[in-house]
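Below: final-v4.cif (mmCIF, C-alpha atoms)
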```cif
data_final
#
loop_
_atom_site.label_atom_id
_atom_site.label_comp_id
_atom_site.auth_asym_id
_atom_site.auth_seq_id
_atom_site.Cartn_x
_atom_site.Cartn_y
_atom_site.Cartn_z
CA MET A 216 -12.26 71.87 135.64
CA ARG A 217 -15.29 70.48 133.84
CA LEU A 218 -18.48 72.40 134.68
CA LEU A 219 -22.03 71.31 133.94
CA TRP A 220 -24.78 73.91 134.29
CA THR A 221 -28.48 73.16 134.31
CA VAL A 222 -30.59 76.14 133.14
CA ASN A 223 -34.25 76.89 132.37
CA LEU A 224 -33.84 77.99 128.76
CA ILE A 225 -31.85 77.51 125.57
CA PRO A 226 -29.09 80.17 125.44
CA THR A 227 -28.84 82.37 122.36
CA ASP A 228 -25.89 80.61 120.68
CA MET A 229 -27.66 77.26 120.80
CA ALA A 230 -31.06 78.73 119.88
CA LEU A 231 -29.60 80.33 116.76
CA GLU A 232 -27.86 77.07 115.88
CA MET A 233 -31.28 75.39 116.01
CA ASN A 234 -32.96 78.22 114.04
CA MET A 235 -35.03 79.07 117.10
CA LYS A 236 -35.98 82.50 118.44
CA PRO A 237 -33.65 83.37 121.35
CA GLU A 238 -35.12 84.03 124.79
CA VAL A 239 -35.36 87.65 125.95
CA LEU A 240 -34.70 86.62 129.57
CA GLY A 241 -31.72 84.83 131.11
CA GLY A 242 -29.01 87.04 129.63
CA TRP A 243 -26.85 86.65 132.73
CA VAL A 244 -26.37 82.95 131.81
CA GLU A 245 -24.67 83.94 128.58
CA ALA A 246 -22.79 86.81 130.21
CA MET A 247 -21.22 84.57 132.85
CA SER A 248 -20.57 81.71 130.43
CA SER A 249 -18.68 84.09 128.15
CA GLN A 250 -16.43 84.95 131.09
CA LEU A 251 -15.76 81.31 131.94
CA LYS A 252 -15.03 80.33 128.34
CA GLY A 253 -11.96 82.54 128.42
CA VAL A 254 -10.50 80.86 131.52
CA LYS A 255 -7.75 78.34 130.93
CA ASP A 256 -8.54 74.71 131.82
CA ILE A 257 -12.30 75.37 132.10
CA GLU A 258 -14.65 73.22 130.02
CA LEU A 259 -18.32 74.20 130.17
CA ALA A 260 -21.46 72.27 129.28
CA ILE A 261 -25.05 73.49 129.64
CA ALA A 262 -28.08 71.22 130.02
CA CYS A 263 -31.04 73.20 128.68
CA LYS A 264 -34.67 72.84 129.71
CA CYS A 265 -36.70 72.63 126.50
CA GLU A 266 -39.94 71.42 124.97
CA PRO A 267 -40.61 67.73 124.18
CA GLY A 268 -39.27 66.75 120.79
CA THR A 269 -36.28 69.08 121.02
CA ASP A 270 -33.13 66.99 120.85
CA PHE A 271 -29.54 68.17 120.64
CA CYS A 272 -26.05 67.40 121.85
CA ARG A 273 -23.50 69.63 120.20
CA THR A 274 -20.78 72.16 120.86
CA VAL A 275 -21.25 75.78 119.79
CA ASN A 276 -18.59 78.46 120.35
CA GLY A 277 -16.72 76.34 122.83
CA VAL A 278 -19.71 75.32 124.98
CA ALA A 279 -21.30 71.85 124.91
CA TYR A 280 -25.11 71.96 124.91
CA TYR A 281 -27.43 69.11 125.92
CA SER A 282 -31.19 69.07 125.55
CA LEU A 283 -33.21 68.33 128.68
CA ALA A 284 -36.67 68.01 127.16
CA TYR A 285 -39.74 66.94 129.07
CA SER A 286 -43.49 67.42 129.43
CA PRO A 287 -45.82 67.43 132.45
CA LYS A 288 -46.25 63.71 131.85
CA THR A 289 -42.53 62.98 132.23
CA SER A 290 -41.77 61.17 135.49
CA ALA A 291 -39.05 62.15 137.94
CA ASP A 292 -37.28 58.84 137.24
CA GLU A 293 -37.27 59.51 133.49
CA LEU A 294 -35.83 62.97 134.06
CA ALA A 295 -33.18 61.67 136.45
CA HIS A 296 -32.23 59.04 133.86
CA ARG A 297 -31.79 61.72 131.19
CA CYS A 298 -29.69 63.80 133.60
CA GLY A 299 -27.60 60.70 134.30
CA GLU A 300 -27.00 60.29 130.57
CA ILE A 301 -25.78 63.88 130.32
CA ILE A 302 -23.48 63.40 133.31
CA SER A 303 -22.06 60.20 131.82
CA SER A 304 -21.49 61.89 128.48
CA PHE A 305 -19.78 65.05 129.76
CA ARG A 306 -18.20 63.69 132.98
CA PRO A 307 -18.30 66.95 134.97
CA ASP A 308 -16.24 67.71 138.04
CA ILE A 309 -19.01 69.88 139.46
CA ILE A 310 -22.67 70.57 138.64
CA HIS A 311 -24.30 74.00 138.96
CA ILE A 312 -28.11 73.92 139.13
CA GLU A 313 -30.24 76.98 138.29
CA GLY A 314 -34.03 77.27 138.60
CA THR A 315 -34.67 75.27 141.73
CA GLU A 316 -38.47 75.36 141.28
CA PHE A 317 -38.36 73.13 138.19
CA LEU A 318 -38.53 69.34 138.10
CA HIS A 319 -35.39 68.98 136.00
CA ALA A 320 -33.39 70.76 138.71
CA GLY A 321 -34.42 68.14 141.26
CA ALA A 322 -33.69 65.39 138.75
CA MET A 323 -30.20 66.76 138.14
CA LEU A 324 -29.50 66.93 141.88
CA THR A 325 -30.64 63.31 142.23
CA ALA A 326 -28.46 62.21 139.31
CA ALA A 327 -25.48 64.16 140.66
CA LYS A 328 -25.72 62.43 144.04
CA LYS A 329 -26.03 59.04 142.37
CA ALA A 330 -22.92 59.73 140.30
CA GLY A 331 -21.00 61.12 143.27
CA ILE A 332 -20.58 64.54 141.64
CA PRO A 333 -20.75 67.62 143.92
CA ALA A 334 -23.56 70.02 143.03
CA VAL A 335 -24.40 73.59 144.01
CA ALA A 336 -27.97 74.92 143.85
CA SER A 337 -28.11 78.54 142.70
CA MET A 338 -30.87 80.84 143.91
CA GLN A 339 -32.65 83.09 141.40
CA GLY A 340 -35.72 84.14 143.34
CA ILE A 341 -37.01 82.01 146.20
CA LEU A 342 -40.59 80.94 145.66
CA ASN A 343 -41.03 79.96 149.30
CA GLY A 344 -40.23 83.56 150.23
CA GLN A 345 -42.32 85.07 147.44
CA TYR A 346 -45.59 83.19 147.88
CA SER A 347 -47.32 85.82 150.02
CA TYR A 348 -46.60 88.49 147.41
CA GLN A 349 -47.84 86.68 144.30
CA CYS A 350 -51.00 88.78 144.06
CA GLY A 351 -48.92 91.97 144.15
CA GLN A 352 -50.53 92.97 147.47
CA LEU A 353 -53.79 93.61 145.65
CA GLN A 354 -56.85 93.35 147.88
CA VAL A 355 -58.10 90.14 146.28
CA ASP A 356 -60.97 89.69 148.78
CA ASP A 357 -62.26 93.20 148.06
CA MET A 358 -61.92 92.60 144.34
CA LEU A 359 -63.99 89.41 144.55
CA LEU A 360 -66.80 91.36 146.24
CA SER A 361 -66.42 94.55 144.20
CA GLY A 362 -69.29 93.90 141.79
CA SER A 363 -66.94 94.56 138.86
CA LEU A 364 -66.80 91.53 136.58
CA THR A 365 -63.28 92.48 135.52
CA GLU A 366 -62.00 92.73 139.08
CA MET A 367 -63.79 89.54 140.11
CA PHE A 368 -62.28 87.70 137.13
CA ALA A 369 -58.81 89.11 137.83
CA ALA A 370 -58.96 88.20 141.52
CA ALA A 371 -60.11 84.66 140.78
CA ILE A 372 -57.32 84.10 138.25
CA LEU A 373 -54.69 85.62 140.54
CA HIS A 374 -55.75 83.33 143.38
CA LEU A 375 -55.99 80.31 141.08
CA ARG A 376 -52.52 80.92 139.67
CA LYS A 377 -51.10 81.28 143.16
CA ARG A 378 -52.62 78.01 144.34
CA LYS A 379 -52.45 75.82 141.23
CA TRP A 380 -49.33 77.02 139.43
CA TYR A 381 -47.14 78.53 142.12
CA LYS A 382 -47.63 76.35 145.17
CA PRO A 383 -46.60 73.02 143.52
CA ARG A 384 -43.32 74.61 142.43
CA MET A 385 -42.65 75.69 146.00
CA LYS A 386 -42.58 72.04 147.06
CA THR A 387 -40.05 71.23 144.33
CA GLU A 388 -37.87 74.16 145.33
CA ARG A 389 -38.02 73.30 149.02
CA LYS A 390 -37.04 69.69 148.35
CA ILE A 391 -34.03 70.79 146.28
CA ILE A 392 -32.81 73.29 148.87
CA GLU A 393 -33.28 70.70 151.63
CA GLY A 394 -31.22 68.20 149.63
CA ALA A 395 -28.45 70.60 148.62
CA SER A 396 -25.09 70.53 150.38
CA TYR A 397 -24.09 73.82 148.73
CA VAL A 398 -26.13 76.93 147.93
CA LEU A 399 -25.16 79.90 145.78
CA GLY A 400 -26.87 83.24 146.41
CA ARG A 401 -26.34 87.01 146.34
CA THR A 402 -28.32 88.78 149.05
CA THR A 403 -29.13 88.82 152.75
CA TRP A 404 -32.69 87.92 151.79
CA ASP A 405 -31.85 84.72 149.90
CA ARG A 406 -29.33 83.81 152.61
CA ALA A 407 -32.04 84.09 155.26
CA HIS A 408 -34.58 82.05 153.31
CA THR A 409 -32.22 79.25 152.30
CA TYR A 410 -30.99 79.04 155.88
CA ALA A 411 -34.58 78.74 157.11
CA ILE A 412 -35.06 75.72 154.83
CA ASN A 413 -31.63 74.11 155.15
CA PRO A 414 -29.32 75.51 157.85
CA LYS A 415 -26.72 72.81 157.11
CA ALA A 416 -26.07 73.84 153.51
CA LYS A 417 -22.86 75.79 152.93
CA TYR A 418 -23.65 79.19 151.43
CA PHE A 419 -21.56 81.01 148.80
CA SER A 420 -22.23 84.55 147.59
CA CYS A 421 -21.63 85.59 143.98
CA ASN A 422 -23.18 88.49 142.07
CA ARG A 423 -24.44 88.38 138.49
CA VAL A 424 -22.58 89.34 135.34
CA LEU A 425 -25.09 91.29 133.25
CA ARG A 426 -25.53 91.59 129.50
CA GLN A 427 -22.81 93.44 127.62
CA PRO A 428 -24.83 96.42 126.26
CA PHE A 429 -25.42 97.77 129.77
CA TYR A 430 -21.69 98.21 130.36
CA GLY A 431 -21.40 100.42 127.26
CA GLU A 432 -24.38 102.79 127.42
CA SER A 433 -24.33 105.90 129.65
CA TRP A 434 -27.21 108.04 130.90
CA ASP A 435 -26.92 111.68 129.89
CA LYS A 436 -29.19 114.37 131.33
CA GLU A 437 -28.66 116.49 128.23
CA LYS A 438 -30.14 113.77 126.01
CA MET A 439 -32.87 112.44 128.28
CA GLN A 440 -36.60 112.79 127.69
CA ARG A 441 -37.81 114.96 130.55
CA HIS A 442 -40.44 113.45 132.87
CA SER A 443 -40.06 109.96 131.40
CA ILE A 444 -39.95 106.73 133.41
CA TYR A 445 -38.88 103.19 132.51
CA VAL A 446 -40.34 100.08 134.18
CA GLY A 447 -38.70 96.77 133.31
CA ASN A 448 -41.60 94.37 133.77
CA GLY A 449 -45.36 94.63 134.14
CA TYR A 450 -46.34 91.09 133.25
CA PHE A 451 -47.33 89.74 136.67
CA ALA A 452 -48.98 91.28 139.71
CA LEU A 453 -45.87 90.56 141.77
CA LYS A 454 -43.99 93.11 139.60
CA GLY A 455 -46.22 95.88 140.98
CA LEU A 456 -46.93 97.96 137.87
CA HIS A 457 -50.34 98.85 139.33
CA PHE A 458 -48.59 100.97 141.98
CA VAL A 459 -46.90 103.02 139.25
CA VAL A 460 -50.28 103.43 137.55
CA GLN A 461 -51.78 104.60 140.86
CA ALA A 462 -48.94 107.12 141.26
CA LEU A 463 -49.50 108.60 137.80
CA PRO A 464 -52.47 110.94 138.47
CA GLU A 465 -50.43 112.76 141.10
CA LEU A 466 -47.50 113.10 138.69
CA ILE A 467 -49.72 114.16 135.77
CA ARG A 468 -51.12 116.97 137.88
CA GLU A 469 -47.67 118.58 138.02
CA TYR A 470 -46.06 117.12 134.88
CA PRO A 471 -48.71 116.85 132.11
CA ASP A 472 -46.12 115.40 129.73
CA VAL A 473 -45.08 112.50 132.03
CA LYS A 474 -44.57 109.21 130.17
CA VAL A 475 -44.07 105.68 131.50
CA TYR A 476 -42.42 103.12 129.24
CA VAL A 477 -43.12 99.52 130.26
CA ALA A 478 -41.13 96.67 128.75
CA GLY A 479 -43.41 93.92 127.46
CA TYR A 480 -46.80 93.43 125.86
CA GLU A 481 -49.80 95.70 126.19
CA PRO A 482 -52.22 94.19 128.72
CA TYR A 483 -55.19 92.13 127.65
CA LYS A 484 -56.35 92.20 124.07
CA LYS A 485 -59.21 90.14 122.66
CA ASN A 486 -56.76 88.19 120.52
CA ASP A 487 -54.29 87.78 123.37
CA SER A 488 -52.66 84.36 122.94
CA ARG A 489 -50.89 84.35 126.30
CA ALA A 490 -51.53 81.66 128.88
CA PHE A 491 -54.84 81.87 130.74
CA PHE A 492 -53.14 82.44 134.11
CA LYS A 493 -51.47 85.60 132.75
CA LYS A 494 -54.71 87.27 131.68
CA GLY A 495 -56.21 87.98 135.09
CA TYR A 496 -53.71 90.62 136.10
CA ALA A 497 -53.68 92.05 132.57
CA ALA A 498 -57.45 92.54 132.73
CA TYR A 499 -57.20 94.29 136.10
CA LEU A 500 -54.35 96.48 134.87
CA LYS A 501 -56.23 97.57 131.76
CA LYS A 502 -59.28 98.52 133.86
CA LEU A 503 -57.14 100.45 136.33
CA ILE A 504 -55.40 102.37 133.55
CA THR A 505 -58.76 103.22 131.97
CA ASP A 506 -60.47 104.14 135.26
CA LEU A 507 -57.66 106.54 136.17
CA GLY A 508 -57.57 107.97 132.66
CA VAL A 509 -53.80 107.57 132.31
CA GLN A 510 -53.70 105.53 129.09
CA ASP A 511 -52.08 108.35 127.12
CA HIS A 512 -49.19 108.41 129.61
CA ILE A 513 -48.23 104.71 129.37
CA GLU A 514 -46.52 102.99 126.47
CA PHE A 515 -45.92 99.25 126.37
CA THR A 516 -42.80 98.71 124.32
CA GLY A 517 -43.21 95.02 123.54
CA PRO A 518 -40.25 92.67 124.19
CA LEU A 519 -36.94 94.51 123.85
CA LYS A 520 -33.46 93.21 123.10
CA ALA A 521 -30.66 94.07 125.53
CA GLN A 522 -29.30 96.89 123.35
CA GLU A 523 -32.77 98.41 123.01
CA VAL A 524 -33.28 98.34 126.79
CA ALA A 525 -29.87 99.91 127.38
CA GLU A 526 -30.62 102.69 124.90
CA LYS A 527 -34.00 103.38 126.51
CA LEU A 528 -32.46 103.51 129.99
CA ALA A 529 -29.89 106.00 128.73
CA THR A 530 -32.60 108.45 127.63
CA VAL A 531 -35.30 108.36 130.35
CA ASN A 532 -35.48 110.66 133.37
CA ALA A 533 -35.86 107.83 135.90
CA TYR A 534 -36.07 104.05 136.31
CA VAL A 535 -38.57 102.50 138.73
CA LEU A 536 -38.41 99.05 140.33
CA CYS A 537 -41.94 98.61 141.67
CA SER A 538 -42.02 94.90 142.58
CA ALA A 539 -43.74 93.52 145.66
CA ILE A 540 -40.75 91.20 146.19
CA GLU A 541 -37.40 90.58 144.48
CA ASN A 542 -34.11 88.91 145.25
CA SER A 543 -31.52 90.86 143.22
CA PRO A 544 -33.37 92.12 140.14
CA ASN A 545 -31.21 92.32 137.03
CA THR A 546 -33.30 95.21 135.71
CA LEU A 547 -32.21 97.40 138.64
CA GLY A 548 -28.59 96.36 138.14
CA GLU A 549 -28.87 97.19 134.43
CA ALA A 550 -30.33 100.64 135.14
CA MET A 551 -27.61 101.38 137.69
CA LEU A 552 -24.90 100.24 135.27
CA VAL A 553 -26.20 102.65 132.64
CA GLY A 554 -26.45 105.36 135.29
CA THR A 555 -30.20 105.95 135.10
CA PRO A 556 -31.46 107.64 138.31
CA CYS A 557 -33.31 104.87 140.15
CA VAL A 558 -36.32 104.65 142.44
CA ALA A 559 -36.67 101.21 144.01
CA ALA A 560 -39.07 99.38 146.29
CA TYR A 561 -37.48 98.42 149.60
CA VAL A 562 -38.18 94.70 149.30
CA GLY A 563 -36.36 91.36 149.56
CA GLY A 564 -32.70 91.56 148.58
CA VAL A 565 -32.96 94.94 146.84
CA PRO A 566 -31.46 96.92 149.79
CA ASP A 567 -28.21 94.99 149.25
CA MET A 568 -27.88 96.56 145.79
CA ALA A 569 -27.93 100.26 146.68
CA ASP A 570 -27.87 102.70 149.59
CA ASP A 571 -31.00 104.83 150.03
CA GLY A 572 -30.49 108.46 149.10
CA LYS A 573 -27.01 107.82 147.72
CA GLU A 574 -27.35 105.29 144.88
CA ALA A 575 -31.14 105.05 144.61
CA LEU A 576 -34.27 106.39 146.29
CA PHE A 577 -36.17 103.71 148.21
CA TYR A 578 -39.85 103.61 149.07
CA ARG A 579 -42.33 101.16 150.58
CA ASN A 580 -43.56 99.19 147.58
CA ASP A 581 -47.31 99.52 148.27
CA ASP A 582 -47.18 103.30 148.81
CA PRO A 583 -47.85 105.01 145.45
CA GLN A 584 -47.81 108.44 147.08
CA LEU A 585 -44.25 107.98 148.31
CA LEU A 586 -43.32 106.52 144.93
CA ALA A 587 -44.71 109.62 143.19
CA TRP A 588 -42.84 111.87 145.62
CA ASN A 589 -39.49 110.17 144.96
CA ILE A 590 -40.02 110.39 141.20
CA LYS A 591 -40.88 114.09 141.65
CA ARG A 592 -37.61 114.61 143.54
CA ILE A 593 -35.68 113.32 140.54
CA PHE A 594 -37.78 115.28 138.04
CA ASP A 595 -37.25 118.50 140.02
CA SER A 596 -33.52 118.23 140.70
CA ASP A 597 -30.91 117.53 138.05
CA GLU A 598 -28.35 117.75 140.85
CA LEU A 599 -30.00 114.83 142.67
CA ALA A 600 -30.42 112.91 139.41
CA LEU A 601 -26.73 113.33 138.58
CA ARG A 602 -25.66 112.27 142.06
CA LEU A 603 -27.80 109.13 141.95
CA SER A 604 -26.55 108.41 138.43
CA GLU A 605 -22.87 108.70 139.27
CA ASN A 606 -23.08 106.84 142.58
CA GLY A 607 -25.36 104.13 141.22
CA ARG A 608 -23.10 103.47 138.25
CA LYS A 609 -20.02 103.32 140.46
CA ARG A 610 -21.72 100.81 142.79
CA ALA A 611 -23.02 98.66 139.93
CA ARG A 612 -19.60 98.55 138.27
CA VAL A 613 -18.35 96.72 141.35
CA THR A 614 -21.46 94.58 141.96
CA HIS A 615 -21.56 93.39 138.36
CA ASP A 616 -17.85 93.38 137.55
CA PRO A 617 -17.45 90.49 135.07
CA LYS A 618 -13.97 89.35 136.07
CA LEU A 619 -14.55 89.76 139.80
CA ASN A 620 -17.75 87.71 139.68
CA ALA A 621 -16.25 85.02 137.45
CA ASP A 622 -13.30 84.71 139.85
CA THR A 623 -15.69 84.56 142.82
CA LEU A 624 -17.71 81.78 141.19
CA LEU A 625 -14.59 79.79 140.30
CA SER A 626 -13.36 80.18 143.86
CA ALA A 627 -16.64 78.71 145.13
CA TYR A 628 -16.26 75.78 142.71
CA GLN A 629 -12.69 75.20 143.87
CA THR A 630 -13.74 75.19 147.52
CA ILE A 631 -16.51 72.68 146.83
CA LEU A 632 -14.18 70.42 144.85
CA SER A 633 -11.51 70.62 147.54
CA GLU A 634 -13.96 69.70 150.29
CA ASN A 635 -15.28 66.74 148.32
CA THR A 636 -11.80 65.52 147.46
CA LYS A 637 -10.91 65.50 151.15
CA GLU A 638 -14.11 63.61 152.01
CA LYS A 639 -13.28 60.91 149.48
CA GLN A 640 -9.79 60.55 150.91
CA ILE A 641 -11.05 60.07 154.45
#
```
Rewrite the structure from the file as structure tokens, please.
Amino acid sequence: MRLLWTVNLIPTDMALEMNMKPEVLGGWVEAMSSQLKGVKDIELAIACKCEPGTDFCRTVNGVAYYSLAYSPKTSADELAHRCGEIISSFRPDIIHIEGTEFLHAGAMLTAAKKAGIPAVASMQGILNGQYSYQCGQLQVDDMLLSGSLTEMFAAAILHLRKRKWYKPRMKTERKIIEGASYVLGRTTWDRAHTYAINPKAKYFSCNRVLRQPFYGESWDKEKMQRHSIYVGNGYFALKGLHFVVQALPELIREYPDVKVYVAGYEPYKKNDSRAFFKKGYAAYLKKLITDLGVQDHIEFTGPLKAQEVAEKLATVNAYVLCSAIENSPNTLGEAMLVGTPCVAAYVGGVPDMADDGKEALFYRNDDPQLLAWNIKRIFDSDELALRLSENGRKRARVTHDPKLNADTLLSAYQTILSENTKEKQI
């Protein structure tokens, strides 16, 4: 079986071959590809979204990589032509499309249909289901009228990003899902939202294979830093870090040594080179941290490699997923694999990943008081922490079992190929 994947980044093997810095995100792509490479009679190619001027077509460690470079000026026809060239070169039996909000995903689906190759669209998040949560449930109207220049700036940028950056991608995603005959997802939430857009598409469920370091590290209460918390992402308002910040004063009152470690960059510096749209939330977050006087209790780690994240998860008292919406967040799966006691927002597809009170403690995402209470429960009871750790790890070992998930994905491919072979014979 010849498989062609379309992804939103350049995987590590190819990035290193090109002397480029590997992406921190997207590790599940490499994790699953490593499983498929070991399967007899499977040939894998990956078409990689990349910047204009990047050009490659080569095989590295048994995987064929094709560049799919374009700029905002590139037309849909030009992209579809490039996708057609890749299809002609590799001659896949089936095409697997990731990142349905991007133009190249739509172009690949168009090219696949033109070539008569079956394609499955894989759901990461679903923008059409996330739109209402893009401002992280912040009271943007109140912020605009607050009289605080920082809050007014943050609210304006949050709203602008939602309308100008996010909404156009929703149209692309919707068009792809509407045009897909097959959809690959993982949760009740993404099943519901894809069905709402395209009830005729056949749905397959397959969980993620996560990065290798998380299968090897183990949380140990004897080695943990007491009253420490890890948060996997605070970059965008949707990720809800502000709710953790709002919960901190209550925790500090009882645990003066409490520490929150946040993966990623420190918010808003004068020399911040990040995109303009990313600075609004950072400005708000910095003001909130300062106003609440909790700056000494938060440490931004900067970007971390998988091994560094796994080691941090193994030594903190608790992990918190504080997002306003998620599908099946890899960071929660990683924490559960390591065995870190988890507190998670009851949003989107997250309830499919753990049972409340058994494998994680759930809370309403915009309720910092309940969040603080659940963290306190873990801080106060090693017995509870151990139970959550053991049960969470056991659940995650099944959810993210590499062989099981690779077999499930291959079974979906086989079903799709079989159905299309029968259609051609009719």
**Nearest residue to Gln427 (chain A) from the set A:Leu224, A:Leu259, A:Ala525, A:Leu218 (distances using all atoms listed in the file)** =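 Closest to Gln427 (chain A), using all atoms listed in the file: A:Ala525.
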**Explicit residues for the PyMOL selection byres ((chain A and resi 629-636) around 12) (as a PyMOL selection string)** = chain A and resi 216-218+257+307-311+331-335+396-399+416-419+622-628+637-641
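You can rank A:Cys537, A:Val524, A:Val244, A:Ala587 by their closest distance to Glu469 (chain A) using all atoms listed in the file, and at the top of that list sits A:Ala587.
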**Request:** Name the residues that the PyMOL selection byres ((chain A and resi 262-271) around 12) pulls out of this structure, and write them as an MDAnalysis selection string.
**Result:** chainID A and resid 218:227 229:230 232:235 238 241 244 259:261 272:275 278:289 294 297:302 304:305 307 310:314 317:320 322:323
**Request:** Tell me which of A:Leu585, A:Gly253, A:Val553, A:Tyr450 sits closest to Leu425 (chain A), counting all atoms listed in the file.
**Result:**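 Result for the nearest residue to Leu425 (chain A): A:Val553.
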**Residues near Asp595 (chain A), cut-off 12 Å, all atoms listed in the file, skip fewer than 5 positions along chain, as a list in words** = Arg441, His442, Leu466, Glu469, Tyr470, Asn532, Ala533, Trp588, Asn589, Ile590, Ala600 and Leu601 of chain A
**Message:** Give me the residues near Gly508 (chain A) as a VMD selection string, where near means some atom within 12 Å (using only C-alpha atoms) and where sequence neighbours in that chain fewer than 4 positions away do not count.
**Reply:** chain A and resid 460 to 461 463 to 464 467 501 to 504 512 to 513
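Relative to CA of Phe577 (chain A), CA of Gly340 (chain A) is found at 20.2 Å.
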**Prompt:** Got a sec: who's within 9 Å of Asn580 (chain A), counting only C-alpha atoms, leaving out chain neighbours fewer than 3 positions off, as a list in words?
**Reply:**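 Surrounding residues, per the criterion: Gly455, Phe458, Leu536, Cys537, Ser538, Ala539, Ile540, Ala559, Ala560, Tyr561, Val562, Phe577, Pro583, Leu585 and Leu586 of chain A.
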How would region 217-236 of chain A read, as a CSV table (one decimal), keeping the file's coordinate frame, once N, CA and C atoms are built in?
```csv
chain,number,residue,atom,x,y,z
A,217,ARG,N,-14.2,70.7,134.7
A,217,ARG,CA,-15.3,70.5,133.8
A,217,ARG,C,-16.6,70.9,134.6
A,218,LEU,N,-17.3,71.9,134.0
A,218,LEU,CA,-18.5,72.4,134.7
A,218,LEU,C,-19.7,72.1,133.9
A,219,LEU,N,-20.7,71.6,134.6
A,219,LEU,CA,-22.0,71.3,133.9
A,219,LEU,C,-23.1,72.2,134.6
A,220,TRP,N,-23.7,73.1,133.8
A,220,TRP,CA,-24.8,73.9,134.3
A,220,TRP,C,-26.1,73.3,133.8
A,221,THR,N,-27.1,73.5,134.7
A,221,THR,CA,-28.5,73.2,134.3
A,221,THR,C,-29.3,74.5,134.4
A,222,VAL,N,-29.9,74.9,133.2
A,222,VAL,CA,-30.6,76.1,133.1
A,222,VAL,C,-32.0,75.9,132.6
A,223,ASN,N,-32.8,77.0,132.7
A,223,ASN,CA,-34.2,76.9,132.4
A,223,ASN,C,-34.6,77.3,130.9
A,224,LEU,N,-33.6,77.5,130.1
A,224,LEU,CA,-33.8,78.0,128.8
A,224,LEU,C,-32.7,77.5,127.8
A,225,ILE,N,-32.9,77.8,126.5
A,225,ILE,CA,-31.8,77.5,125.6
A,225,ILE,C,-31.1,78.8,125.3
A,226,PRO,N,-29.8,78.9,125.7
A,226,PRO,CA,-29.1,80.2,125.4
A,226,PRO,C,-29.0,80.5,124.0
A,227,THR,N,-28.8,81.8,123.7
A,227,THR,CA,-28.8,82.4,122.4
A,227,THR,C,-28.0,81.6,121.3
A,228,ASP,N,-26.8,81.3,121.6
A,228,ASP,CA,-25.9,80.6,120.7
A,228,ASP,C,-26.5,79.3,120.2
A,229,MET,N,-27.1,78.5,121.1
A,229,MET,CA,-27.7,77.3,120.8
A,229,MET,C,-29.0,77.5,120.1
A,230,ALA,N,-29.8,78.5,120.5
A,230,ALA,CA,-31.1,78.7,119.9
A,230,ALA,C,-30.9,79.1,118.4
A,231,LEU,N,-29.9,79.9,118.1
A,231,LEU,CA,-29.6,80.3,116.8
A,231,LEU,C,-29.1,79.1,115.9
A,232,GLU,N,-28.3,78.3,116.6
A,232,GLU,CA,-27.9,77.1,115.9
A,232,GLU,C,-29.0,76.2,115.5
A,233,MET,N,-30.1,76.2,116.3
A,233,MET,CA,-31.3,75.4,116.0
A,233,MET,C,-32.4,76.1,115.2
A,234,ASN,N,-32.0,77.4,114.8
A,234,ASN,CA,-33.0,78.2,114.0
A,234,ASN,C,-34.2,78.5,114.9
A,235,MET,N,-34.0,78.7,116.2
A,235,MET,CA,-35.0,79.1,117.1
A,235,MET,C,-34.9,80.5,117.5
A,236,LYS,N,-36.0,81.1,118.0
A,236,LYS,CA,-36.0,82.5,118.4
A,236,LYS,C,-35.4,82.5,119.8
```
